[in-house]
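Q: Below is the file input32.cif, with mmCIF, C-alpha atoms and all ligand atoms.
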data_coords
loop_
_atom_site.label_atom_id
_atom_site.label_comp_id
_atom_site.auth_asym_id
_atom_site.auth_seq_id
_atom_site.Cartn_x
_atom_site.Cartn_y
_atom_site.Cartn_z
CA MET A 1 -3.28 13.19 -1.11
CA LEU A 2 -1.13 10.95 1.03
CA ALA A 3 1.88 12.77 2.36
CA HIS A 4 3.33 10.26 4.76
CA SER A 5 5.33 7.11 4.45
CA ILE A 6 3.64 3.88 3.57
CA VAL A 7 4.42 1.29 6.19
CA SER A 8 5.80 -2.04 5.21
CA GLY A 9 7.58 -4.93 6.80
CA ALA A 10 7.09 -7.03 9.86
CA GLY A 11 6.60 -5.37 13.22
CA ARG A 12 5.84 -1.92 11.89
CA LEU A 13 2.35 -2.04 13.34
CA ALA A 14 3.71 -2.75 16.81
CA GLU A 15 1.76 0.17 18.27
CA TYR A 16 -1.39 -1.83 17.67
CA ALA A 17 -0.08 -5.00 19.27
CA THR A 18 -2.20 -4.68 22.43
CA PRO A 19 -5.71 -6.15 22.57
CA GLU A 20 -7.18 -2.63 22.81
CA GLY A 21 -5.02 -1.27 20.03
CA LEU A 22 -5.84 -4.17 17.79
CA GLU A 23 -9.56 -3.81 18.44
CA LYS A 24 -9.46 -0.09 17.60
CA LEU A 25 -7.56 -0.79 14.40
CA ARG A 26 -10.00 -3.56 13.50
CA GLN A 27 -13.00 -1.28 14.01
CA ARG A 28 -11.52 1.48 11.87
CA PHE A 29 -10.59 -1.06 9.23
CA GLU A 30 -14.01 -2.78 9.20
CA ALA A 31 -15.81 0.55 8.89
CA ARG A 32 -14.26 0.98 5.44
CA VAL A 33 -14.83 -2.48 4.01
CA ASP A 34 -17.68 -3.20 1.61
CA ARG A 35 -18.17 -6.96 1.44
CA ASP A 36 -20.54 -6.63 -1.48
CA GLY A 37 -17.80 -6.33 -4.10
CA PRO A 38 -17.58 -7.96 -7.51
CA ILE A 39 -16.94 -11.63 -8.21
CA VAL A 40 -14.07 -11.59 -10.66
CA GLY A 41 -13.23 -15.28 -10.90
CA PRO A 42 -14.75 -18.71 -10.33
CA GLY A 43 -14.47 -19.92 -6.76
CA LEU A 44 -13.19 -16.62 -5.41
CA GLY A 45 -16.37 -15.31 -3.90
CA GLN A 46 -17.00 -11.60 -3.67
CA CYS A 47 -14.18 -9.10 -3.32
CA TRP A 48 -14.25 -7.03 -0.16
CA VAL A 49 -13.53 -3.60 -1.49
CA TRP A 50 -12.08 -0.65 0.34
CA THR A 51 -14.23 2.46 0.59
CA GLY A 52 -11.52 4.60 2.20
CA SER A 53 -8.63 6.42 0.57
CA ARG A 54 -6.40 4.86 -2.05
CA THR A 55 -2.88 5.36 -3.25
CA ARG A 56 -2.35 6.81 -6.69
CA SER A 57 -1.74 3.27 -7.91
CA GLY A 58 -5.18 2.25 -6.69
CA TYR A 59 -4.31 0.36 -3.51
CA ALA A 60 -6.33 0.81 -0.35
CA SER A 61 -4.66 2.84 2.36
CA ILE A 62 -5.52 3.46 5.99
CA TYR A 63 -4.24 6.04 8.45
CA THR A 64 -2.04 4.55 11.14
CA ARG A 65 0.39 5.72 13.78
CA VAL A 66 3.81 4.14 13.67
CA ASN A 67 6.50 4.99 16.21
CA GLY A 68 4.39 7.99 17.19
CA ARG A 69 4.35 9.32 13.65
CA ARG A 70 1.39 9.91 11.41
CA SER A 71 1.55 7.44 8.60
CA TYR A 72 -0.42 5.44 6.09
CA THR A 73 -0.40 1.70 5.66
CA LEU A 74 -1.67 -0.24 2.68
CA ALA A 75 -5.02 -1.48 3.96
CA HIS A 76 -4.65 -4.95 2.48
CA ARG A 77 -1.52 -5.29 4.63
CA VAL A 78 -3.60 -4.30 7.65
CA ALA A 79 -6.14 -6.97 6.63
CA TRP A 80 -3.30 -9.49 6.62
CA TYR A 81 -2.03 -8.26 9.96
CA LEU A 82 -5.46 -8.47 11.59
CA GLU A 83 -5.84 -12.02 10.27
CA HIS A 84 -2.36 -13.40 10.91
CA GLY A 85 -0.96 -11.16 13.65
CA SER A 86 2.20 -10.40 11.68
CA LEU A 87 3.34 -9.04 8.35
CA PRO A 88 5.72 -10.49 5.79
CA ASP A 89 8.66 -8.43 4.51
CA THR A 90 7.42 -9.08 1.02
CA ASP A 91 4.72 -7.64 -1.18
CA ILE A 92 1.22 -8.90 -0.59
CA VAL A 93 -0.84 -9.01 -3.76
CA GLN A 94 -4.45 -9.69 -4.68
CA VAL A 95 -5.00 -12.96 -6.54
CA CYS A 96 -8.27 -11.45 -7.78
CA GLY A 97 -6.37 -8.56 -9.37
CA VAL A 98 -8.58 -5.98 -7.67
CA ARG A 99 -6.09 -3.59 -6.15
CA HIS A 100 -8.38 -2.21 -3.48
CA CYS A 101 -9.62 -5.65 -2.41
CA VAL A 102 -8.84 -6.40 1.25
CA ARG A 103 -10.37 -9.88 1.55
CA CYS A 104 -7.76 -12.09 3.17
CA SER A 105 -8.64 -15.16 1.13
CA HIS A 106 -7.77 -13.10 -1.96
CA LEU A 107 -4.33 -12.10 -0.66
CA VAL A 108 -1.03 -13.90 -1.07
CA ASP A 109 2.45 -12.90 -0.06
CA THR A 110 5.07 -13.01 -2.76
CA GLU A 111 8.78 -13.52 -2.96
CA HIS A 112 9.10 -9.89 -3.92
CA ARG A 113 10.00 -7.12 -1.55
CA ILE A 114 8.03 -3.89 -1.80
CA THR A 115 9.78 -3.33 -5.07
CA GLY A 116 7.60 -1.09 -7.10
CA LEU A 117 6.60 -3.99 -9.36
CA VAL A 118 3.06 -2.84 -8.71
CA LEU A 119 3.69 0.39 -10.62
CA THR A 120 2.79 0.77 -14.25
CA ASP A 121 5.27 2.42 -16.61
CA ASP A 122 3.01 5.48 -16.58
CA ASP A 123 3.22 5.58 -12.77
CA VAL A 124 7.01 5.47 -12.99
CA ARG A 125 7.10 8.29 -15.53
CA ALA A 126 4.69 10.38 -13.46
CA MET A 127 6.68 9.83 -10.29
CA ARG A 128 9.95 10.88 -11.96
CA PHE A 129 8.24 13.89 -13.50
CA GLU A 130 6.99 15.02 -10.10
CA ARG A 131 10.37 14.52 -8.50
CA ALA A 132 12.03 16.61 -11.20
CA ALA A 133 9.75 19.52 -10.20
CA VAL A 134 10.02 20.95 -13.70
CA ASP A 135 7.27 23.44 -13.00
CA GLY A 136 9.57 25.18 -10.54
CA GLY A 137 7.72 24.10 -7.41
CA PRO A 138 9.40 22.45 -4.43
CA ARG A 139 10.88 19.01 -5.05
CA PRO A 140 8.70 16.44 -3.31
CA LYS A 141 10.47 14.22 -0.81
CA VAL A 142 11.19 10.64 -1.85
CA ARG A 143 9.32 9.53 1.27
CA ASP A 144 6.21 11.41 0.21
CA LEU A 145 6.35 10.08 -3.34
CA ALA A 146 6.76 6.54 -1.98
CA ALA A 147 3.60 7.02 0.07
CA LYS A 148 1.67 8.51 -2.80
CA TYR A 149 2.53 5.61 -5.10
CA GLY A 150 2.24 2.90 -2.47
CA ILE A 151 5.77 1.54 -2.55
CA SER A 152 8.63 1.44 -0.07
CA VAL A 153 10.99 4.38 0.30
CA GLY A 154 13.90 2.18 -0.78
CA ALA A 155 12.14 1.14 -3.96
CA ALA A 156 11.11 4.72 -4.71
CA SER A 157 14.71 5.83 -4.32
CA LEU A 158 15.97 3.15 -6.72
CA ILE A 159 13.28 3.98 -9.25
CA LEU A 160 13.86 7.72 -9.04
CA ASN A 161 17.58 7.47 -9.51
CA GLY A 162 17.12 5.13 -12.45
CA ARG A 163 18.75 2.07 -10.97
CA ARG A 164 15.46 0.27 -11.24
CA ARG A 165 12.77 0.38 -13.92
CA ARG A 166 14.56 1.53 -17.02
CA LEU A 167 11.92 2.64 -19.49
CA ASP A 168 12.10 3.05 -23.21
CA PRO A 169 12.12 6.77 -23.98
ZN ZN A 201 -10.71 -9.71 -4.29
#
Could I get this structure in the form of structure tokens?
Ligand SMILES: [Zn+2]
A:
Amino acid sequence: MLAHSIVSGAGRLAEYATPEGLEKLRQRFEARVDRDGPIVGPGLGQCWVWTGSRTRSGYASIYTRVNGRRSYTLAHRVAWYLEHGSLPDTDIVQVCGVRHCVRCSHLVDTEHRITGLVLTDDDVRAMRFERAAVDGGPRPKVRDLAAKYGISVGAASLILNGRRRRLDP
């Protein structure tokens, strides 16, 4: 279970911005990539699928340190960072539709911020249910729920307080 904030946005991987740091990150990343994934569309070539941990929504995630804090980053964002040396402030999505694919040629940035568009309605319901802590347990932190579901803390907050993603009852 991921219990730390998912990293998004440009510059958040700054701790890896040295040649040594980048090489370490690349090695840890590569160790969890299986290049023998499925071919899901003509001309795409094989998906490179993540063998490491995933968010509840099915996206690849990798342990990272950000500003000295233990954290997780969506691994397809790390793939982008390793390829391009920077990260967009927007969502990066898989054109192949395989959520745990980390092949750069299958990734595009979008005009969307990390909005929670990636969540299904069931994800949204489950996240709100957890936050409500109806079983009497401790209320999970918004930050932790954001990490678990692979969205930004801001988006999680908007979704949890109902200002985004109204669902039919
Ligand atoms: Zn793919």
Q: Counting only C-alpha atoms and all ligand atoms, what residues are within 7 Å of ligand ZN 201 (chain A), given as number ranges by chain?
A: A: 46-48, 94-98, 101-103, 106
Q: In Å, with one decimal, what is the gap from atom CA of Ala31 of chain A to atom CA of Arg69 of chain A?
A: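 Distance reported for this atom pair: 22.5 Å.
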Q: To one decimal place in Å, what is the distance between atom CA of Ala132 of chain A and atom CA of Gly150 of chain A?
A: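 The value is 19.0 Å.
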Q: Separation of atom CA of Arg56 of chain A and atom CA of Lys148 of chain A, in Å?
A: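 The value is 5.8 Å.
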Q: Just checking: using only C-alpha atoms, which residue out of A:Ser105, A:Ser57, A:Thr110, A:Thr73 ends up closest to Gly43 of chain A?
A: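 When distances to Gly43 of chain A are compared using only C-alpha atoms, the smallest one comes from A:Ser105.
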Q: So, counting only C-alpha atoms, which residue among A:Asp91, A:Tyr81, A:Leu167, A:Tyr63 is closest to Arg125 of chain A?
A: A:Leu167
Q: Write out as a list in words the residues lying within 10 Å of Asp121 of chain A, counting all atoms listed in the file and excluding same-chain residues fewer than 5 positions away.
A: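 Once the nearby chain positions are removed, what remains is Ala126, Met127, Arg165, Arg166, Leu167 and Asp168 of chain A.
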Q: Which neighbours of segment 156-162 of chain A fall inside 10 Å, counting only C-alpha atoms, when residues of the same chain fewer than 3 positions from it are skipped, and could you give them as a VMD selection string?
A: chain A and resid 114 to 116 124 to 125 127 to 129 131 to 132 142 to 147 149 to 153 165 to 167
